[in-house]
Amino acid sequence: MSIINIKNLTKYYGKSKGVENLNLVVEKGDYFGFIGPNGAGKSTTLRLLLSLIKKDSGEISVFDKDIKDEEYLKDVGYLPSESFFYNNMKVIDVLKLSSDLRNINCDEERNILVNRLKLDVNKKINELSFGNRKKVGIVCALQHKPKLFILDEPTTGLDPLIQKEFYSILKEYNDSGTTILMSSHVLSEVENHCNKAAIIKNGTIIASDYVDKLSKTTAHQISVKGNINIDDFKDIKNYKYENETHSFLYNGDINELIKALSKSKLVDLKIEEPSLEEIFLHYYK
Amino acid sequence: MVLLKHELKQNLKSFVIWTIALSLTVIMLVGLYPSMKSQMDEFTEMFSQMGSFSSAFGMDKVSFGTFTGYYSVEVNSSLGLTGAIFAALTGGTILSKEESNKTSEFLLSHPVSRKDVVTSKLLCVLIEIIAINIIIWISLIVSVILIGESVDFKLLSLLHLAVLLNQLIIGLIAFFISSFQVKGSIPLSIGLAMFFYFLNIISNITDTLDFVKYLTPYSISEGADIINKEAINYKYLISGFIYSALSIYLSYKIYLNKDIK
């Protein structure tokens, strides 16, 4: 069952492209990473999903329904990249306002999240640091136990201990059935936590699959220490020479690689599967 | 209801400050009347000789010798402008502040429709304008009783009702401005309130610009007209009604279809 189904979505801001003919499917229970550099269209896609901005064309359905009215947001939790609240309100009042707007009692889950994230609910919003405002955003987005959790650059501003706690909370939610869509340009976050990922470039999805499959391409990451002639190697990408080591992504016949390597005297050789970061760079070059 | 309650709470501090300031102004000006009463005949004569300056503020048509005359020129006209600025500020910021303070993302990622947001904020503006005027009216009546003047309370209430109608129209136009203008909604709303005020002054100076009276909502609260006819001139409400209806319609239309920043 698809939780998010986006077909041929296009959004322009005047003449500037936000997304164009974007297609994306997120299945129930997915922990989905949405990767791309700044300006690629990640936030535009998420804001379209939340109906904060209006599409030019295409279709968006969430929970198998067109997002014509706001009903679907009852089961959605959203954490923006920067969380802003009403400055003159106390944290507890913001959290209660959020549950009142959803018309449900979230006291129990709220208390659990507040304690786990070590959030002082009696402080006023204008007394909070960036990271603490983010914690308020996390509680607001999770306290009603949503079926779909949408996160935009979730860990910016959180210290490493809270990041760890946050990811273990997400894992528990995901294990109990919550679908997660997480945009990020920190590739290790996606690689370590997500089961699927999509890469967006210039407003269009250029690859979307299981993280394992995306990483398991025919390409290999090669690191060679020794006196080799790089011109002997064909089908290489991302070539670098650092600390007397040649490293590159090789996407050709492995026998040709061995033949080329055997021409030189080697000090060290490593043949590895490329990381998601290298795959990402591969798509972006 | 949650949204309306939240909105009223958010605006409470500024509402209390404005209410105290405007009520005290009214109480102070009414309190000054007994000490100025003896000089009022001289004022009336003086103003009658000041030509178009007196006409501009409607001072050529009312007698300062009566409390209602004094009230109309001193209190009602200053309340007309300051009250309109309050209405312009309240209406002109209520929708735009969510975007300028970046709280719109928080609000609209909840299961609340944009229609509900506009309705709650619209109700909040109307409630605040009506509530501040009720409190000012009570302050007026109490202070009149305290200075021991015998006054036609019906006429006084009519003068105040006209000021309220003017503020409601200005507040609704400002509300419309806040539906599309995020950063410049405050200067634009206050500028509009001032523009209508000066339009009324110009229409008072010359008879050839009589049609201008139909364009500005301040014509409704022209004290001299109300005192002389003992009624609000409802023909001036036509433009106000059109402004209000258009403002409400366009505010919904724009906010329901815009991209939230």
# chains A, B, ... in the order shown; residues from 1 in each chain; ligands from 1
call {"tool": "interface_residues", "arguments": {"of": "chain A", "to": "chain B", "cutoff": "8 Å", "atoms": "only C-alpha atoms", "output": "CSV table (one decimal) with all heavy atoms, in the first residue's frame"}}
result
chain,number,residue,atom,x,y,z
A,50,LEU,N,2.4,19.0,2.0
A,50,LEU,CA,1.7,19.5,3.1
A,50,LEU,C,0.6,20.5,2.7
A,50,LEU,O,0.0,21.2,3.6
A,50,LEU,CB,2.7,20.1,4.1
A,50,LEU,CG,3.5,19.1,4.8
A,50,LEU,CD1,4.8,19.7,5.3
A,50,LEU,CD2,2.8,18.4,6.0
A,52,LEU,N,1.2,23.4,1.7
A,52,LEU,CA,1.6,24.8,2.0
A,52,LEU,C,1.7,25.6,0.8
A,52,LEU,O,1.6,26.9,0.8
A,52,LEU,CB,2.9,24.8,2.8
A,52,LEU,CG,2.9,24.2,4.2
A,52,LEU,CD1,4.3,24.0,4.8
A,52,LEU,CD2,2.1,25.1,5.2
A,53,ILE,N,2.1,25.0,-0.3
A,53,ILE,CA,2.1,25.7,-1.6
A,53,ILE,C,1.3,24.9,-2.6
A,53,ILE,O,1.0,23.7,-2.4
A,53,ILE,CB,3.6,25.9,-2.1
A,53,ILE,CG1,4.4,24.5,-2.1
A,53,ILE,CG2,4.3,26.9,-1.3
A,53,ILE,CD1,5.8,24.6,-2.7
A,54,LYS,N,0.9,25.6,-3.6
A,54,LYS,CA,-0.1,24.9,-4.6
A,54,LYS,C,0.7,24.4,-5.8
A,54,LYS,O,1.6,25.2,-6.4
A,54,LYS,CB,-1.1,26.0,-5.0
A,54,LYS,CG,-1.9,26.6,-3.8
A,54,LYS,CD,-2.9,25.6,-3.3
A,54,LYS,CE,-3.6,26.2,-2.1
A,54,LYS,NZ,-4.6,25.3,-1.5
A,69,ASP,N,-8.6,18.2,0.8
A,69,ASP,CA,-8.9,18.9,2.1
A,69,ASP,C,-7.8,18.5,3.1
A,69,ASP,O,-7.0,17.7,2.9
A,69,ASP,CB,-10.3,18.6,2.6
A,69,ASP,CG,-10.5,17.2,2.8
A,69,ASP,OD1,-9.7,16.5,3.4
A,69,ASP,OD2,-11.6,16.7,2.4
A,70,GLU,N,-7.9,19.1,4.3
A,70,GLU,CA,-6.8,19.0,5.3
A,70,GLU,C,-7.0,17.8,6.2
A,70,GLU,O,-6.1,17.6,7.0
A,70,GLU,CB,-6.8,20.3,6.2
A,70,GLU,CG,-8.0,20.5,7.1
A,70,GLU,CD,-9.3,20.8,6.4
A,70,GLU,OE1,-9.2,21.2,5.2
A,70,GLU,OE2,-10.3,20.7,7.0
A,71,GLU,N,-8.0,16.9,5.9
A,71,GLU,CA,-8.2,15.8,6.8
A,71,GLU,C,-7.0,14.9,6.9
A,71,GLU,O,-6.7,14.3,8.0
A,71,GLU,CB,-9.4,14.9,6.2
A,71,GLU,CG,-10.8,15.4,6.5
A,71,GLU,CD,-11.0,15.5,8.0
A,71,GLU,OE1,-11.0,14.4,8.7
A,71,GLU,OE2,-11.2,16.6,8.6
A,72,TYR,N,-6.2,14.7,5.8
A,72,TYR,CA,-5.1,13.8,5.9
A,72,TYR,C,-4.0,14.2,6.9
A,72,TYR,O,-3.2,13.4,7.4
A,72,TYR,CB,-4.5,13.6,4.5
A,72,TYR,CG,-3.7,14.8,4.0
A,72,TYR,CD1,-2.3,14.8,4.0
A,72,TYR,CD2,-4.3,15.9,3.5
A,72,TYR,CE1,-1.6,15.8,3.5
A,72,TYR,CE2,-3.6,17.0,3.0
A,72,TYR,CZ,-2.2,17.0,3.1
A,72,TYR,OH,-1.5,18.0,2.6
A,73,LEU,N,-4.0,15.5,7.2
A,73,LEU,CA,-3.0,16.0,8.1
A,73,LEU,C,-3.2,15.6,9.5
A,73,LEU,O,-2.3,15.7,10.3
A,73,LEU,CB,-3.0,17.6,8.0
A,73,LEU,CG,-2.5,18.2,6.7
A,73,LEU,CD1,-2.7,19.7,6.7
A,73,LEU,CD2,-1.0,17.9,6.5
A,74,LYS,N,-4.4,15.0,9.8
A,74,LYS,CA,-4.6,14.4,11.1
A,74,LYS,C,-3.6,13.4,11.5
A,74,LYS,O,-3.2,13.2,12.6
A,74,LYS,CB,-6.0,13.8,11.2
A,74,LYS,CG,-7.1,14.8,11.5
A,74,LYS,CD,-8.4,14.0,11.7
A,74,LYS,CE,-9.5,15.0,12.0
A,74,LYS,NZ,-10.8,14.5,12.0
A,77,GLY,N,2.7,14.0,10.8
A,77,GLY,CA,3.5,14.9,11.6
A,77,GLY,C,4.6,15.5,10.8
A,77,GLY,O,5.2,14.8,10.0
A,78,TYR,N,4.9,16.8,11.0
A,78,TYR,CA,5.8,17.4,10.1
A,78,TYR,C,6.9,18.2,10.9
A,78,TYR,O,6.5,18.9,11.9
A,78,TYR,CB,5.1,18.4,9.2
A,78,TYR,CG,6.0,19.3,8.4
A,78,TYR,CD1,7.0,18.8,7.6
A,78,TYR,CD2,5.9,20.7,8.4
A,78,TYR,CE1,7.9,19.7,6.8
A,78,TYR,CE2,6.7,21.6,7.7
A,78,TYR,CZ,7.7,21.0,6.9
A,78,TYR,OH,8.5,21.9,6.2
A,80,PRO,N,9.8,20.8,10.3
A,80,PRO,CA,10.5,21.6,9.3
A,80,PRO,C,12.0,21.7,9.6
A,80,PRO,O,12.4,21.4,10.7
A,80,PRO,CB,9.8,23.0,9.4
A,80,PRO,CG,9.2,23.0,10.7
A,80,PRO,CD,8.9,21.6,11.2
A,83,SER,N,12.3,25.3,13.1
A,83,SER,CA,11.0,25.3,13.7
A,83,SER,C,10.8,26.7,14.3
A,83,SER,O,11.6,27.2,15.1
A,83,SER,CB,11.0,24.3,14.9
A,83,SER,OG,11.2,23.0,14.3
A,84,PHE,N,9.6,27.3,14.0
A,84,PHE,CA,9.3,28.6,14.5
A,84,PHE,C,7.9,28.5,15.2
A,84,PHE,O,7.0,27.8,14.7
A,84,PHE,CB,9.1,29.7,13.4
A,84,PHE,CG,10.5,30.1,12.9
A,84,PHE,CD1,11.0,29.4,11.7
A,84,PHE,CD2,11.3,31.0,13.5
A,84,PHE,CE1,12.2,29.8,11.2
A,84,PHE,CE2,12.5,31.4,13.0
A,84,PHE,CZ,13.0,30.8,11.8
A,85,PHE,N,7.8,29.1,16.4
A,85,PHE,CA,6.5,29.1,17.1
A,85,PHE,C,6.2,30.5,17.6
A,85,PHE,O,7.0,31.4,17.4
A,85,PHE,CB,6.7,28.1,18.3
A,85,PHE,CG,7.1,26.7,17.9
A,85,PHE,CD1,8.4,26.3,18.1
A,85,PHE,CD2,6.2,25.8,17.4
A,85,PHE,CE1,8.8,25.1,17.7
A,85,PHE,CE2,6.6,24.6,16.9
A,85,PHE,CZ,7.9,24.2,17.1
A,86,TYR,N,5.1,30.6,18.4
A,86,TYR,CA,4.7,31.9,18.9
A,86,TYR,C,5.6,32.3,20.0
A,86,TYR,O,5.6,31.6,21.1
A,86,TYR,CB,3.3,31.9,19.2
A,86,TYR,CG,2.4,31.5,18.1
A,86,TYR,CD1,2.0,30.1,18.0
A,86,TYR,CD2,2.1,32.4,17.1
A,86,TYR,CE1,1.2,29.7,16.9
A,86,TYR,CE2,1.3,31.9,16.0
A,86,TYR,CZ,0.9,30.6,15.9
A,86,TYR,OH,0.2,30.2,14.8
A,97,LEU,N,-1.4,23.5,22.3
A,97,LEU,CA,-2.1,24.1,21.2
A,97,LEU,C,-2.1,23.2,20.0
A,97,LEU,O,-3.1,23.0,19.3
A,97,LEU,CB,-1.4,25.5,20.8
A,97,LEU,CG,-1.9,26.1,19.5
A,97,LEU,CD1,-3.4,26.6,19.6
A,97,LEU,CD2,-1.1,27.3,19.1
A,98,SER,N,-0.9,22.5,19.8
A,98,SER,CA,-0.8,21.6,18.7
A,98,SER,C,-1.8,20.4,18.9
A,98,SER,O,-2.4,20.0,17.9
A,98,SER,CB,0.7,21.1,18.7
A,98,SER,OG,0.8,20.2,17.6
A,100,ASP,N,-4.5,20.5,20.7
A,100,ASP,CA,-5.9,21.0,20.6
A,100,ASP,C,-6.3,21.2,19.1
A,100,ASP,O,-7.5,21.0,18.8
A,100,ASP,CB,-6.0,22.3,21.3
A,100,ASP,CG,-5.9,22.2,22.8
A,100,ASP,OD1,-6.1,21.0,23.3
A,100,ASP,OD2,-5.8,23.2,23.5
A,101,LEU,N,-5.3,21.6,18.3
A,101,LEU,CA,-5.6,21.8,16.9
A,101,LEU,C,-6.0,20.5,16.2
A,101,LEU,O,-6.6,20.4,15.2
A,101,LEU,CB,-4.5,22.5,16.2
A,101,LEU,CG,-4.3,24.0,16.5
A,101,LEU,CD1,-3.0,24.5,15.9
A,101,LEU,CD2,-5.4,24.8,15.9
A,102,ARG,N,-5.4,19.4,16.8
A,102,ARG,CA,-5.7,18.1,16.3
A,102,ARG,C,-6.9,17.4,17.0
A,102,ARG,O,-7.3,16.3,16.6
A,102,ARG,CB,-4.5,17.2,16.4
A,102,ARG,CG,-3.3,17.6,15.6
A,102,ARG,CD,-2.1,16.7,15.7
A,102,ARG,NE,-1.0,17.2,15.0
A,102,ARG,CZ,-0.8,17.1,13.7
A,102,ARG,NH1,-1.7,16.5,13.0
A,102,ARG,NH2,0.2,17.7,13.2
call {"tool": "residues_around", "arguments": {"residues": "Gly31 in chain B", "least_positions_apart": "4", "cutoff": "9 Å", "atoms": "only C-alpha atoms", "output": "count of residues only"}}
result
7
call {"tool": "residues_around", "arguments": {"residues": "Asn255 in chain A", "least_positions_apart": "5", "cutoff": "12 Å", "atoms": "only C-alpha atoms", "output": "PDB file with N, CA and C atoms, in the first residue's frame"}}
result
ATOM      1  N   PHE A 233      43.381   3.015 -17.299  1.00  0.00           N
ATOM      2  CA  PHE A 233      42.066   2.627 -16.767  1.00  0.00           C
ATOM      3  C   PHE A 233      40.948   3.368 -17.510  1.00  0.00           C
ATOM      4  N   LYS A 234      39.971   2.577 -18.010  1.00  0.00           N
ATOM      5  CA  LYS A 234      38.826   3.189 -18.700  1.00  0.00           C
ATOM      6  C   LYS A 234      37.593   3.085 -17.792  1.00  0.00           C
ATOM      7  N   TYR A 250      35.132   2.721 -10.390  1.00  0.00           N
ATOM      8  CA  TYR A 250      35.336   1.958 -11.623  1.00  0.00           C
ATOM      9  C   TYR A 250      34.057   1.245 -12.012  1.00  0.00           C
ATOM     10  N   ALA A 260      44.998  -4.006 -16.025  1.00  0.00           N
ATOM     11  CA  ALA A 260      45.626  -2.682 -15.937  1.00  0.00           C
ATOM     12  C   ALA A 260      46.456  -2.555 -14.660  1.00  0.00           C
ATOM     13  N   LEU A 261      45.915  -3.139 -13.570  1.00  0.00           N
ATOM     14  CA  LEU A 261      46.616  -3.043 -12.280  1.00  0.00           C
ATOM     15  C   LEU A 261      47.927  -3.847 -12.304  1.00  0.00           C
ATOM     16  N   SER A 262      47.883  -4.977 -13.037  1.00  0.00           N
ATOM     17  CA  SER A 262      49.043  -5.872 -13.040  1.00  0.00           C
ATOM     18  C   SER A 262      50.258  -5.278 -13.772  1.00  0.00           C
TER      19      SER A 262
END
call {"tool": "select_by_dssp", "arguments": {"residues": "range 140-234 of chain A", "states": "alpha helix (DSSP H)", "output": "ChimeraX atom specification"}}
result
/A:140-142,160-175,187-193,211-215
call {"tool": "atom_distance", "arguments": {"atom1": "CA of Leu246 in chain B", "atom2": "CA of Ile85 in chain B"}}
result
20.5 Å
call {"tool": "residues_around", "arguments": {"residues": "range 130-135 of chain B", "least_positions_apart": "3", "cutoff": "6 Å", "atoms": "only C-alpha atoms", "output": "list in words"}}
result
Thr19, Ile127 and Ile138 of chain B
call {"tool": "write_last_selection", "arguments": {"atoms": "N, CA and C atoms", "output": "tab-separated table (two decimals), in the first residue's frame"}}
result
chain	number	residue	atom	x	y	z
B	19	THR	N	-6.83	49.64	24.64
B	19	THR	CA	-8.08	49.93	25.35
B	19	THR	C	-7.82	50.94	26.46
B	127	ILE	N	-14.30	41.11	16.75
B	127	ILE	CA	-14.53	41.08	18.20
B	127	ILE	C	-13.70	42.18	18.88
B	138	ILE	N	-18.46	52.68	27.54
B	138	ILE	CA	-18.76	52.62	28.98
B	138	ILE	C	-17.95	53.70	29.72
call {"tool": "select_by_dssp", "arguments": {"residues": "range 114-248 of chain A", "states": "strand (DSSP E)", "output": "ChimeraX atom specification"}}
result
/A:148-152,179-184,196-201,204-210,220-226,236-242,245-248
call {"tool": "atom_distance", "arguments": {"atom1": "CA of Asp225 in chain B", "atom2": "CA of Lys213 in chain B"}}
result
12.1 Å
call {"tool": "closest_residue", "arguments": {"among": "A:Ser61, A:Ser247, A:Asn88, A:Thr204", "to": "Lys11 in chain A", "atoms": "only C-alpha atoms"}}
result
A:Thr204
call {"tool": "closest_residue", "arguments": {"among": "B:Leu81, B:Ile170, B:Val212, B:Leu237", "to": "Leu192 in chain B", "atoms": "only C-alpha atoms"}}
result
B:Ile170
call {"tool": "closest_residue", "arguments": {"among": "B:Tyr234, B:Tyr197, B:Phe153, B:Trp18", "to": "Ile129 in chain B", "atoms": "only C-alpha atoms"}}
result
B:Trp18
call {"tool": "residues_around", "arguments": {"residues": "range 63-68 of chain A", "least_positions_apart": "3", "cutoff": "7 Å", "atoms": "only C-alpha atoms", "output": "list in words"}}
result
Ser2, Ile3, Ile4, Ile60 and Tyr72 of chain A
call {"tool": "write_last_selection", "arguments": {"atoms": "N, CA, C and O atoms", "output": "PDB file, in the first residue's frame"}}
result
ATOM      1  N   SER A   2       0.599   2.152  -0.955  1.00  0.00           N
ATOM      2  CA  SER A   2       1.432   3.369  -0.971  1.00  0.00           C
ATOM      3  C   SER A   2       0.855   4.418  -0.032  1.00  0.00           C
ATOM      4  O   SER A   2      -0.355   4.640   0.015  1.00  0.00           O
ATOM      5  N   ILE A   3       1.727   5.029   0.748  1.00  0.00           N
ATOM      6  CA  ILE A   3       1.309   6.091   1.671  1.00  0.00           C
ATOM      7  C   ILE A   3       1.393   7.438   0.949  1.00  0.00           C
ATOM      8  O   ILE A   3       0.527   8.287   1.090  1.00  0.00           O
ATOM      9  N   ILE A   4       2.459   7.599   0.158  1.00  0.00           N
ATOM     10  CA  ILE A   4       2.597   8.805  -0.661  1.00  0.00           C
ATOM     11  C   ILE A   4       2.725   8.350  -2.116  1.00  0.00           C
ATOM     12  O   ILE A   4       3.509   7.446  -2.422  1.00  0.00           O
ATOM     13  N   ILE A  60      -1.029  14.435  -6.323  1.00  0.00           N
ATOM     14  CA  ILE A  60      -0.428  14.020  -5.048  1.00  0.00           C
ATOM     15  C   ILE A  60      -1.506  13.289  -4.261  1.00  0.00           C
ATOM     16  O   ILE A  60      -2.594  13.846  -4.021  1.00  0.00           O
ATOM     17  N   TYR A  72      -6.249  14.673   5.825  1.00  0.00           N
ATOM     18  CA  TYR A  72      -5.096  13.760   5.858  1.00  0.00           C
ATOM     19  C   TYR A  72      -4.030  14.214   6.851  1.00  0.00           C
ATOM     20  O   TYR A  72      -3.242  13.407   7.351  1.00  0.00           O
TER      21      TYR A  72
END
call {"tool": "atom_distance", "arguments": {"atom1": "CA of Leu117 in chain A", "atom2": "CA of Thr156 in chain A"}}
result
14.9 Å
call {"tool": "residues_around", "arguments": {"residues": "Thr119 in chain B", "least_positions_apart": "5", "cutoff": "9 Å", "atoms": "only C-alpha atoms", "output": "list of chain:residue names"}}
result
B:Leu4, B:Arg114, B:Cys124, B:Tyr252
call {"tool": "write_last_selection", "arguments": {"atoms": "all heavy atoms", "output": "mmCIF file, in the first residue's frame"}}
result
data_model
loop_
_atom_site.group_PDB
_atom_site.id
_atom_site.type_symbol
_atom_site.label_atom_id
_atom_site.label_comp_id
_atom_site.auth_asym_id
_atom_site.auth_seq_id
_atom_site.Cartn_x
_atom_site.Cartn_y
_atom_site.Cartn_z
ATOM 1 N N LEU B 4 -9.731 30.606 17.264
ATOM 2 C CA LEU B 4 -10.198 31.935 17.688
ATOM 3 C C LEU B 4 -9.659 32.270 19.075
ATOM 4 O O LEU B 4 -9.169 33.378 19.324
ATOM 5 C CB LEU B 4 -11.739 31.976 17.663
ATOM 6 C CG LEU B 4 -12.373 33.275 18.126
ATOM 7 C CD1 LEU B 4 -11.945 34.450 17.251
ATOM 8 C CD2 LEU B 4 -13.905 33.176 18.116
ATOM 9 N N ARG B 114 -7.525 26.370 5.608
ATOM 10 C CA ARG B 114 -7.194 27.794 5.465
ATOM 11 C C ARG B 114 -8.450 28.643 5.665
ATOM 12 O O ARG B 114 -8.389 29.756 6.166
ATOM 13 C CB ARG B 114 -6.600 28.052 4.085
ATOM 14 C CG ARG B 114 -5.251 27.404 3.903
ATOM 15 C CD ARG B 114 -4.564 27.974 2.695
ATOM 16 N NE ARG B 114 -3.376 27.216 2.364
ATOM 17 C CZ ARG B 114 -2.489 27.602 1.467
ATOM 18 N NH1 ARG B 114 -2.660 28.726 0.814
ATOM 19 N NH2 ARG B 114 -1.433 26.868 1.210
ATOM 20 N N CYS B 124 -11.785 37.488 15.043
ATOM 21 C CA CYS B 124 -10.943 38.103 16.060
ATOM 22 C C CYS B 124 -10.864 39.622 15.852
ATOM 23 O O CYS B 124 -11.013 40.401 16.802
ATOM 24 C CB CYS B 124 -9.560 37.464 16.029
ATOM 25 S SG CYS B 124 -8.424 38.196 17.195
ATOM 26 N N TYR B 252 -10.586 35.827 1.507
ATOM 27 C CA TYR B 252 -10.748 34.362 1.414
ATOM 28 C C TYR B 252 -10.143 33.850 0.111
ATOM 29 O O TYR B 252 -9.387 32.890 0.099
ATOM 30 C CB TYR B 252 -12.235 33.982 1.457
ATOM 31 C CG TYR B 252 -12.797 33.865 2.863
ATOM 32 C CD1 TYR B 252 -13.529 34.894 3.420
ATOM 33 C CD2 TYR B 252 -12.592 32.721 3.627
ATOM 34 C CE1 TYR B 252 -14.049 34.793 4.703
ATOM 35 C CE2 TYR B 252 -13.113 32.609 4.908
ATOM 36 C CZ TYR B 252 -13.843 33.649 5.445
ATOM 37 O OH TYR B 252 -14.342 33.542 6.717
#
call {"tool": "closest_residue", "arguments": {"among": "B:Ser120, B:Asn200, B:Ser150, B:Ser247", "to": "Ile177 in chain B", "atoms": "only C-alpha atoms"}}
result
B:Ser247
call {"tool": "residues_around", "arguments": {"residues": "Ser189 in chain B", "least_positions_apart": "4", "cutoff": "6 Å", "atoms": "only C-alpha atoms", "output": "number ranges by chain"}}
result
B: 88, 92, 174, 185
